[in-house]
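model-v5.cif follows; it contains mmCIF, C-alpha atoms and all ligand atoms.
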data_input
loop_
_atom_site.label_atom_id
_atom_site.label_comp_id
_atom_site.auth_asym_id
_atom_site.auth_seq_id
_atom_site.Cartn_x
_atom_site.Cartn_y
_atom_site.Cartn_z
CA MET A 28 221.28 19.02 181.47
CA LYS A 29 223.98 19.56 184.11
CA GLU A 30 224.74 16.61 186.42
CA ALA A 31 223.95 18.79 189.47
CA THR A 32 220.32 19.25 188.46
CA LYS A 33 219.62 15.55 188.09
CA GLN A 34 217.49 13.85 190.73
CA PRO A 35 219.33 10.92 192.33
CA ILE A 36 217.16 7.80 192.39
CA ILE A 37 217.39 4.16 193.38
CA LEU A 38 215.07 1.91 191.40
CA ASP A 39 213.97 -1.12 193.44
CA VAL A 40 212.81 -3.77 190.96
CA ASP A 41 211.57 -7.35 190.53
CA THR A 42 212.46 -7.32 186.83
CA GLY A 43 209.72 -8.18 185.07
CA ILE A 44 208.74 -6.69 181.72
CA ASP A 45 207.27 -3.41 182.97
CA ASP A 46 210.24 -3.14 185.36
CA ALA A 47 212.49 -3.42 182.30
CA MET A 48 210.52 -0.60 180.66
CA ALA A 49 210.91 1.47 183.84
CA ILE A 50 214.67 0.86 183.89
CA ALA A 51 214.97 1.95 180.25
CA TYR A 52 212.83 5.04 180.89
CA ALA A 53 214.93 6.02 183.93
CA VAL A 54 218.25 5.43 182.17
CA ARG A 55 217.16 7.44 179.13
CA SER A 56 215.81 10.37 181.17
CA PRO A 57 218.35 13.18 181.64
CA GLU A 58 216.40 14.47 184.65
CA LEU A 59 217.44 11.41 186.66
CA GLU A 60 220.71 10.04 188.04
CA LEU A 61 220.22 6.30 188.51
CA LEU A 62 222.42 5.39 191.48
CA GLY A 63 221.64 1.69 191.29
CA LEU A 64 219.07 -1.02 190.75
CA THR A 65 218.19 -2.91 193.91
CA THR A 66 216.40 -6.19 193.30
CA CYS A 67 213.87 -8.36 195.09
CA PHE A 68 211.67 -11.42 194.59
CA GLY A 69 208.27 -10.86 193.00
CA ASN A 70 207.65 -11.38 189.28
CA VAL A 71 210.69 -13.70 189.41
CA THR A 72 213.19 -14.89 192.02
CA VAL A 73 215.64 -12.32 193.33
CA GLU A 74 218.47 -14.05 191.43
CA GLU A 75 216.48 -13.78 188.20
CA ALA A 76 215.58 -10.16 188.96
CA SER A 77 219.29 -9.35 189.28
CA ARG A 78 220.19 -11.26 186.10
CA ASN A 79 217.36 -9.60 184.16
CA SER A 80 218.36 -6.16 185.44
CA LEU A 81 221.94 -6.74 184.29
CA GLN A 82 220.65 -7.86 180.88
CA VAL A 83 218.48 -4.76 180.54
CA LEU A 84 221.39 -2.49 181.48
CA GLU A 85 223.55 -4.20 178.84
CA GLN A 86 220.87 -3.53 176.21
CA LEU A 87 221.08 0.10 177.28
CA ASP A 88 224.91 0.06 177.16
CA ARG A 89 224.89 1.11 180.82
CA ASP A 90 226.57 -1.77 182.61
CA ASP A 91 228.30 0.86 184.76
CA ILE A 92 225.09 1.15 186.85
CA PRO A 93 225.30 -1.23 189.82
CA VAL A 94 222.78 -4.00 190.50
CA ILE A 95 222.41 -4.90 194.17
CA PRO A 96 220.46 -8.01 195.19
CA GLY A 97 218.08 -7.91 198.12
CA ALA A 98 215.14 -9.85 199.58
CA ALA A 99 214.51 -13.40 198.40
CA GLU A 100 211.27 -13.83 200.35
CA PRO A 101 208.70 -11.95 202.45
CA LEU A 102 209.68 -10.62 205.89
CA PHE A 103 207.58 -12.85 208.11
CA ARG A 104 205.59 -15.39 206.13
CA PRO A 105 205.94 -18.05 203.46
CA PRO A 106 205.36 -16.54 200.01
CA LEU A 107 201.69 -15.86 199.22
CA LYS A 108 202.39 -16.05 195.51
CA GLY A 109 205.04 -17.51 193.21
CA LYS A 110 206.64 -16.17 190.04
CA THR A 111 204.27 -14.39 187.63
CA VAL A 112 204.93 -16.63 184.63
CA SER A 113 201.56 -15.89 183.00
CA VAL A 114 202.37 -12.16 182.77
CA HIS A 115 206.17 -12.00 182.46
CA GLY A 116 207.17 -15.43 181.07
CA HIS A 117 209.40 -18.11 182.57
CA ASN A 118 212.48 -15.89 182.52
CA GLY A 119 210.65 -12.70 183.52
CA LEU A 120 211.46 -11.02 180.20
CA GLY A 121 208.74 -12.50 178.03
CA ASP A 122 210.83 -15.60 177.26
CA ALA A 123 212.98 -13.49 174.92
CA GLU A 124 216.24 -15.27 174.16
CA LEU A 125 219.02 -13.36 175.86
CA SER A 126 222.61 -14.30 176.53
CA GLU A 127 223.84 -14.46 180.12
CA PRO A 128 224.96 -11.02 181.31
CA LYS A 129 228.68 -10.29 181.26
CA GLY A 130 228.56 -8.28 184.47
CA ALA A 131 227.65 -9.40 187.98
CA ALA A 132 225.56 -8.05 190.82
CA LEU A 133 227.42 -6.38 193.70
CA ASP A 134 228.32 -8.42 196.77
CA MET A 135 226.22 -6.24 199.05
CA HIS A 136 222.59 -6.34 200.23
CA ALA A 137 220.05 -3.96 198.70
CA ALA A 138 219.05 -2.67 202.16
CA GLU A 139 222.67 -1.78 202.88
CA PHE A 140 222.93 0.10 199.56
CA ILE A 141 219.75 2.10 200.26
CA VAL A 142 221.04 3.08 203.72
CA GLU A 143 224.48 3.96 202.34
CA GLN A 144 223.06 6.23 199.62
CA ALA A 145 220.55 7.90 201.98
CA ARG A 146 223.40 8.71 204.40
CA LYS A 147 225.76 9.84 201.66
CA ARG A 148 223.26 12.30 200.14
CA PRO A 149 220.85 13.35 202.88
CA HIS A 150 217.40 14.62 201.71
CA GLU A 151 218.32 14.06 198.06
CA VAL A 152 217.64 10.42 197.22
CA THR A 153 214.27 9.15 195.99
CA VAL A 154 213.65 5.41 196.06
CA ILE A 155 211.25 4.25 193.35
CA ALA A 156 209.96 0.90 194.61
CA VAL A 157 208.29 -1.13 191.88
CA GLY A 158 208.60 -4.63 193.34
CA THR A 159 207.75 -5.83 196.84
CA MET A 160 208.32 -3.38 199.70
CA THR A 161 210.69 -5.81 201.44
CA ASN A 162 214.01 -4.09 200.65
CA MET A 163 212.68 -0.71 201.82
CA ALA A 164 211.36 -2.26 205.05
CA LEU A 165 214.70 -4.00 205.68
CA ALA A 166 216.58 -0.75 205.03
CA ILE A 167 214.46 1.13 207.58
CA MET A 168 214.87 -1.70 210.13
CA LYS A 169 218.61 -1.49 209.62
CA ASP A 170 218.76 2.29 210.02
CA PRO A 171 215.47 3.90 211.13
CA GLU A 172 216.88 7.41 210.66
CA ILE A 173 216.76 7.05 206.89
CA VAL A 174 213.05 7.90 207.01
CA HIS A 175 214.25 11.48 207.63
CA LEU A 176 217.17 11.26 205.21
CA LEU A 177 215.43 9.97 202.09
CA LYS A 178 213.69 12.59 199.99
CA ARG A 179 210.73 10.33 199.22
CA VAL A 180 209.68 6.78 198.37
CA VAL A 181 207.55 6.52 195.24
CA ILE A 182 205.75 3.20 195.25
CA MET A 183 204.16 1.35 192.37
CA GLY A 184 201.68 -0.61 194.39
CA GLY A 185 198.24 -0.82 195.87
CA ALA A 186 194.70 -0.20 194.70
CA VAL A 187 192.97 2.34 196.91
CA THR A 188 189.83 3.09 194.89
CA VAL A 189 189.82 0.28 192.32
CA PRO A 190 189.92 -3.56 192.31
CA GLY A 191 193.17 -5.46 192.83
CA ASN A 192 194.98 -7.53 190.21
CA VAL A 193 196.01 -10.66 192.14
CA THR A 194 192.88 -10.89 194.32
CA PRO A 195 189.65 -8.88 194.17
CA HIS A 196 191.26 -6.31 196.48
CA ALA A 197 195.04 -6.73 196.42
CA GLU A 198 197.68 -5.45 194.01
CA ALA A 199 200.68 -7.75 193.35
CA ASN A 200 203.54 -5.72 194.89
CA ILE A 201 201.69 -5.20 198.18
CA TYR A 202 200.22 -8.72 198.26
CA ALA A 203 203.67 -10.28 197.82
CA ASP A 204 204.76 -8.97 201.25
CA PRO A 205 201.90 -7.21 203.08
CA GLU A 206 203.81 -6.79 206.36
CA ALA A 207 206.70 -5.07 204.63
CA ALA A 208 204.29 -2.66 202.94
CA GLU A 209 202.44 -1.93 206.19
CA PHE A 210 205.75 -1.34 208.00
CA LEU A 211 206.84 1.08 205.28
CA PHE A 212 203.48 2.89 205.32
CA ARG A 213 203.78 3.42 209.10
CA SER A 214 207.43 4.46 209.02
CA GLY A 215 206.95 8.20 208.52
CA VAL A 216 208.97 8.35 205.30
CA PRO A 217 207.32 10.62 202.69
CA ILE A 218 205.44 8.37 200.25
CA THR A 219 203.72 8.79 196.91
CA LEU A 220 201.54 5.82 196.00
CA VAL A 221 201.24 5.10 192.28
CA GLY A 222 198.69 2.31 192.36
CA LEU A 223 196.33 0.55 189.98
CA ASP A 224 194.07 3.60 190.45
CA VAL A 225 196.23 5.29 187.83
CA THR A 226 198.46 2.62 186.27
CA MET A 227 195.52 0.73 184.75
CA LYS A 228 194.78 3.96 182.86
CA THR A 229 198.24 4.25 181.32
CA LEU A 230 198.16 1.65 178.58
CA LEU A 231 200.71 1.00 175.87
CA PRO A 232 198.70 0.36 172.66
CA ARG A 233 199.64 -2.78 170.70
CA ALA A 234 200.43 -0.64 167.63
CA GLU A 235 203.45 0.77 169.48
CA LEU A 236 205.16 -2.64 169.28
CA ALA A 237 205.10 -2.38 165.48
CA ASN A 238 206.40 1.20 165.75
CA TRP A 239 209.28 0.00 167.95
CA ARG A 240 210.10 -2.70 165.39
CA GLU A 241 210.02 -0.14 162.59
CA LYS A 242 212.34 2.22 164.49
CA ASN A 243 214.70 -0.74 164.67
CA THR A 244 217.13 0.60 167.28
CA LYS A 245 218.85 -1.80 169.68
CA LEU A 246 216.54 -0.65 172.51
CA SER A 247 213.30 -0.46 170.53
CA ARG A 248 213.82 -4.00 169.13
CA PHE A 249 214.52 -5.33 172.62
CA MET A 250 211.47 -3.58 174.04
CA ALA A 251 209.22 -4.98 171.30
CA ASP A 252 210.63 -8.50 171.79
CA ILE A 253 210.00 -8.60 175.54
CA THR A 254 206.66 -6.78 175.41
CA ASP A 255 204.90 -9.17 172.98
CA TYR A 256 204.35 -11.66 175.81
CA TYR A 257 203.16 -8.99 178.27
CA MET A 258 200.76 -7.55 175.68
CA ASP A 259 199.25 -10.98 175.00
CA SER A 260 198.76 -11.60 178.72
CA TYR A 261 196.83 -8.32 179.10
CA THR A 262 194.67 -9.17 176.08
CA SER A 263 193.78 -12.53 177.58
CA PHE A 264 193.29 -11.36 181.20
CA TYR A 265 191.38 -8.16 180.41
CA PRO A 266 189.10 -8.78 177.39
CA GLY A 267 188.61 -5.60 175.38
CA ILE A 268 191.59 -3.80 176.93
CA LEU A 269 193.38 -1.38 174.58
CA GLY A 270 196.95 -2.28 175.51
CA CYS A 271 199.20 -3.37 178.39
CA ALA A 272 199.62 -1.43 181.62
CA LEU A 273 202.67 0.78 182.12
CA HIS A 274 202.69 0.25 185.90
CA ASP A 275 206.36 0.65 186.75
CA PRO A 276 207.17 3.28 184.09
CA LEU A 277 204.46 5.54 185.55
CA ALA A 278 206.22 5.52 188.94
CA VAL A 279 209.36 6.76 187.17
CA GLY A 280 207.30 9.29 185.21
CA VAL A 281 205.84 10.77 188.40
CA VAL A 282 209.37 11.49 189.66
CA ILE A 283 210.38 13.13 186.36
CA ASP A 284 207.18 15.18 186.11
CA PRO A 285 204.77 15.16 189.08
CA THR A 286 202.17 16.99 186.96
CA PHE A 287 201.42 13.73 185.12
CA VAL A 288 199.20 12.89 188.11
CA LYS A 289 196.86 14.47 190.65
CA THR A 290 197.32 13.24 194.20
CA LYS A 291 195.37 13.36 197.44
CA PRO A 292 196.79 13.00 200.96
CA ILE A 293 195.18 9.89 202.47
CA HIS A 294 195.82 7.60 205.43
CA VAL A 295 196.41 4.14 203.96
CA GLN A 296 196.91 0.84 205.80
CA VAL A 297 197.56 -2.66 204.52
CA ASP A 298 195.28 -5.49 205.56
CA THR A 299 197.72 -8.14 206.81
CA GLU A 300 195.12 -10.55 208.23
CA GLY A 301 191.93 -10.48 206.15
CA ILE A 302 190.39 -13.72 204.98
CA TYR A 303 189.36 -12.24 201.63
CA SER A 304 191.36 -9.05 201.55
CA ILE A 305 194.91 -9.75 202.63
CA GLY A 306 197.23 -7.25 200.96
CA ARG A 307 194.44 -4.73 200.39
CA THR A 308 195.48 -1.08 200.64
CA VAL A 309 192.70 0.39 202.76
CA GLY A 310 192.48 4.17 202.35
CA ASP A 311 190.46 6.20 204.81
CA LEU A 312 188.38 8.06 202.26
CA ARG A 313 185.91 9.47 204.78
CA ALA A 314 185.45 13.24 204.87
CA ARG A 315 186.40 13.11 208.55
CA ALA A 316 189.22 10.60 208.46
CA GLU A 317 190.44 9.63 211.92
CA GLN A 318 194.15 9.52 211.23
CA GLU A 319 196.53 11.96 209.58
CA PRO A 320 197.36 11.14 205.95
CA ASN A 321 200.54 9.06 205.63
CA MET A 322 201.00 9.38 201.87
CA ASP A 323 199.99 11.13 198.69
CA VAL A 324 197.86 8.78 196.62
CA CYS A 325 197.69 9.26 192.85
CA LEU A 326 194.05 9.34 191.79
CA GLU A 327 194.11 10.92 188.35
CA VAL A 328 196.58 10.74 185.49
CA ASP A 329 197.15 12.57 182.22
CA ALA A 330 197.62 9.24 180.45
CA ASP A 331 198.18 10.61 176.91
CA ARG A 332 200.84 13.11 177.94
CA PHE A 333 202.64 10.49 180.02
CA LEU A 334 202.54 7.91 177.20
CA GLN A 335 204.00 10.36 174.69
CA HIS A 336 206.76 11.30 177.13
CA PHE A 337 207.60 7.64 177.80
CA LEU A 338 207.64 6.76 174.08
CA LYS A 339 209.95 9.66 173.22
CA ARG A 340 212.52 8.32 175.65
CA ILE A 341 212.43 4.70 174.38
CA VAL A 342 214.40 5.16 171.16
O1 LIG A 401 200.81 -4.92 189.99
C1 LIG A 401 201.77 -4.54 189.07
C2 LIG A 401 203.16 -4.65 189.63
O2 LIG A 401 203.44 -6.01 189.97
C3 LIG A 401 204.26 -4.24 188.71
O3 LIG A 401 205.30 -3.68 189.47
C4 LIG A 401 204.71 -5.55 188.11
O4 LIG A 401 206.02 -5.48 187.60
C5 LIG A 401 204.61 -6.46 189.30
O5 LIG A 401 205.75 -6.33 190.11
CA CA A 402 207.57 -4.61 189.15
#
For the structure just supplied, provide its representation as structure tokens.
Ligand code: RIB
Ligand code: CA
Amino acid sequence: MKEATKQPIILDVDTGIDDAMAIAYAVRSPELELLGLTTCFGNVTVEEASRNSLQVLEQLDRDDIPVIPGAAEPLFRPPLKGKTVSVHGHNGLGDAELSEPKGAALDMHAAEFIVEQARKRPHEVTVIAVGTMTNMALAIMKDPEIVHLLKRVVIMGGAVTVPGNVTPHAEANIYADPEAAEFLFRSGVPITLVGLDVTMKTLLPRAELANWREKNTKLSRFMADITDYYMDSYTSFYPGILGCALHDPLAVGVVIDPTFVKTKPIHVQVDTEGIYSIGRTVGDLRARAEQEPNMDVCLEVDADRFLQHFLKRIV
């Protein structure tokens, strides 16, 4: 595929095991040009997210892709949640033993990088945000015009028609910084929301870990090693589940091939005050909704076709 036909993307990550899968999927997809990985707090601290991102890029032999650190904490409040050790391990990569990365993150803020790329390539760049929404909110605060210059923001976050995963109503990426998410939702930037509505339907079956080990490539071994921990956490948190959720990879998949999902335009707000529902993504699902839709929400997914596509790229 010619360079000119590739879609330029920035992947905003809190690396995390499924973030690592999303990075590998993006790097190994010829349809995409990965401009950089911007990092934020979430599954791990922002410093750990940057270190993990560098380690993943080294496994992919792509240490030419820049890693740019961003938000260390929510915009306006003390953190609502800490690191997600029970899902991603103490180091964020399933406690796999990895040497310190040789490369270093850039001496620049993630928000600055997003603004710079949006200005450099107007109407071309898609940001795929699979951590907290803090870096995107900071970028828009820094330069509000980027809402007209970015092609789209594809968010892994929220739960519009299904239960949450950190509270009965809230999904982790939105819950971690609800004000940042609400600010982004109101900004006017084109948004596609890839929430738990669809990502809990795209499961990686446990048998694929054995297949990765059998393939025995540098990447497939690495993926199997980090995913063991994530798989076990899904088995213990969701009794009877048939695998672990490919949250962040699906957001990348939707950019590569939008026909993996069916979307509906909906007005969605974030509850930033609720006693029981802080961080909830409240979609106006009424037939006569009072406000114009502010995003396309993914409601259905062709899970099998997506899984096969993802697996073909992780070799
Ligand atoms: O709720 C799932 C999301 O939270 C994923 O992006 C995962 O990596 C964590 O950030
Ligand atoms: Ca993530």
Fewer than 5 positions away in the same chain doesn't count, so skip those; otherwise give me all residues within 9 Å of segment 140-151 of chain A, counting all atoms listed in the file, as an mmCIF file with C-alpha atoms, keeping the file's coordinate frame.
data_model
loop_
_atom_site.group_PDB
_atom_site.id
_atom_site.type_symbol
_atom_site.label_atom_id
_atom_site.label_comp_id
_atom_site.auth_asym_id
_atom_site.auth_seq_id
_atom_site.Cartn_x
_atom_site.Cartn_y
_atom_site.Cartn_z
ATOM 1 C CA GLN A 34 217.490 13.850 190.730
ATOM 2 C CA PRO A 35 219.330 10.920 192.330
ATOM 3 C CA ILE A 36 217.160 7.800 192.390
ATOM 4 C CA ILE A 37 217.390 4.160 193.380
ATOM 5 C CA LEU A 62 222.420 5.390 191.480
ATOM 6 C CA GLY A 63 221.640 1.690 191.290
ATOM 7 C CA THR A 65 218.190 -2.910 193.910
ATOM 8 C CA ILE A 95 222.410 -4.900 194.170
ATOM 9 C CA MET A 135 226.220 -6.240 199.050
ATOM 10 C CA ASN A 162 214.010 -4.090 200.650
ATOM 11 C CA MET A 163 212.680 -0.710 201.820
ATOM 12 C CA ALA A 166 216.580 -0.750 205.030
ATOM 13 C CA ILE A 167 214.460 1.130 207.580
ATOM 14 C CA LYS A 169 218.610 -1.490 209.620
ATOM 15 C CA ASP A 170 218.760 2.290 210.020
ATOM 16 C CA ILE A 173 216.760 7.050 206.890
ATOM 17 C CA HIS A 175 214.250 11.480 207.630
ATOM 18 C CA LEU A 176 217.170 11.260 205.210
ATOM 19 C CA LEU A 177 215.430 9.970 202.090
ATOM 20 C CA LYS A 178 213.690 12.590 199.990
ATOM 21 C CA ARG A 179 210.730 10.330 199.220
#
Next on the checklist: Using all atoms listed in the file, which residues of the polymer chains come no farther than 8 Å from ligand CA 402 (chain A)? I'd like the answer as a ChimeraX atom specification.
Outcome noted: /A:40-46,69-70,157-159,183,200,274-275
Next on the checklist: I want to know what sits within 12 Å of Tyr202 of chain A, based on only C-alpha atoms, with residues of the same chain fewer than 5 positions away left out; could you give that as a PyMOL selection string?
Outcome noted: chain A and resi 69-70+101+104+106-109+158-161+184-186+191-197+207-209+297-301+303-308
Residues from last step as file, C-alpha atoms, as a compact mmCIF listing (two decimals), keeping the file's coordinate frame:
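Result file is result_8.txt:
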# COMPACT_ATOMS: atom_id res chain seq x y z
CA GLY A 69 208.27 -10.86 193.00
CA ASN A 70 207.65 -11.38 189.28
CA PRO A 101 208.70 -11.95 202.45
CA ARG A 104 205.59 -15.39 206.13
CA PRO A 106 205.36 -16.54 200.01
CA LEU A 107 201.69 -15.86 199.22
CA LYS A 108 202.39 -16.05 195.51
CA GLY A 109 205.04 -17.51 193.21
CA GLY A 158 208.60 -4.63 193.34
CA THR A 159 207.75 -5.83 196.84
CA MET A 160 208.32 -3.38 199.70
CA THR A 161 210.69 -5.81 201.44
CA GLY A 184 201.68 -0.61 194.39
CA GLY A 185 198.24 -0.82 195.87
CA ALA A 186 194.70 -0.20 194.70
CA GLY A 191 193.17 -5.46 192.83
CA ASN A 192 194.98 -7.53 190.21
CA VAL A 193 196.01 -10.66 192.14
CA THR A 194 192.88 -10.89 194.32
CA PRO A 195 189.65 -8.88 194.17
CA HIS A 196 191.26 -6.31 196.48
CA ALA A 197 195.04 -6.73 196.42
CA ALA A 207 206.70 -5.07 204.63
CA ALA A 208 204.29 -2.66 202.94
CA GLU A 209 202.44 -1.93 206.19
CA VAL A 297 197.56 -2.66 204.52
CA ASP A 298 195.28 -5.49 205.56
CA THR A 299 197.72 -8.14 206.81
CA GLU A 300 195.12 -10.55 208.23
CA GLY A 301 191.93 -10.48 206.15
CA TYR A 303 189.36 -12.24 201.63
CA SER A 304 191.36 -9.05 201.55
CA ILE A 305 194.91 -9.75 202.63
CA GLY A 306 197.23 -7.25 200.96
CA ARG A 307 194.44 -4.73 200.39
CA THR A 308 195.48 -1.08 200.64
Checklist entry - So what do you get for atom CA of Pro217 of chain A versus atom CA of Thr32 of chain A, distance-wise? => result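 If I compute the distance from atom CA of Pro217 of chain A to atom CA of Thr32 of chain A, I get 21.1 Å.
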Checklist outcome for this item: Computed gap from atom CA of Gly97 of chain A to atom CA of Leu231 of chain A is 29.6 Å
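Note that the spacing between atom CA of Thr111 of chain A and atom CA of Tyr256 of chain A amounts to 12.1 Å.
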Item to check | Spatial neighbours of Asp323 of chain A, 12 Å, all atoms listed in the file, chain gap at least 5 places, as a ChimeraX atom specification | outcome: /A:179-182,187,212,216-222,281,285,288-295,310
Given 4 Å on each side, where is the centre and what are the edge lengths in Å to one decimal of the axis-aligned box enclosing the listed atoms of ligand LIG 401 (chain A), as JSON?
{"center_x": 203.4, "center_y": -5.1, "center_z": 188.9, "size_x": 13.2, "size_y": 10.8, "size_z": 10.5}
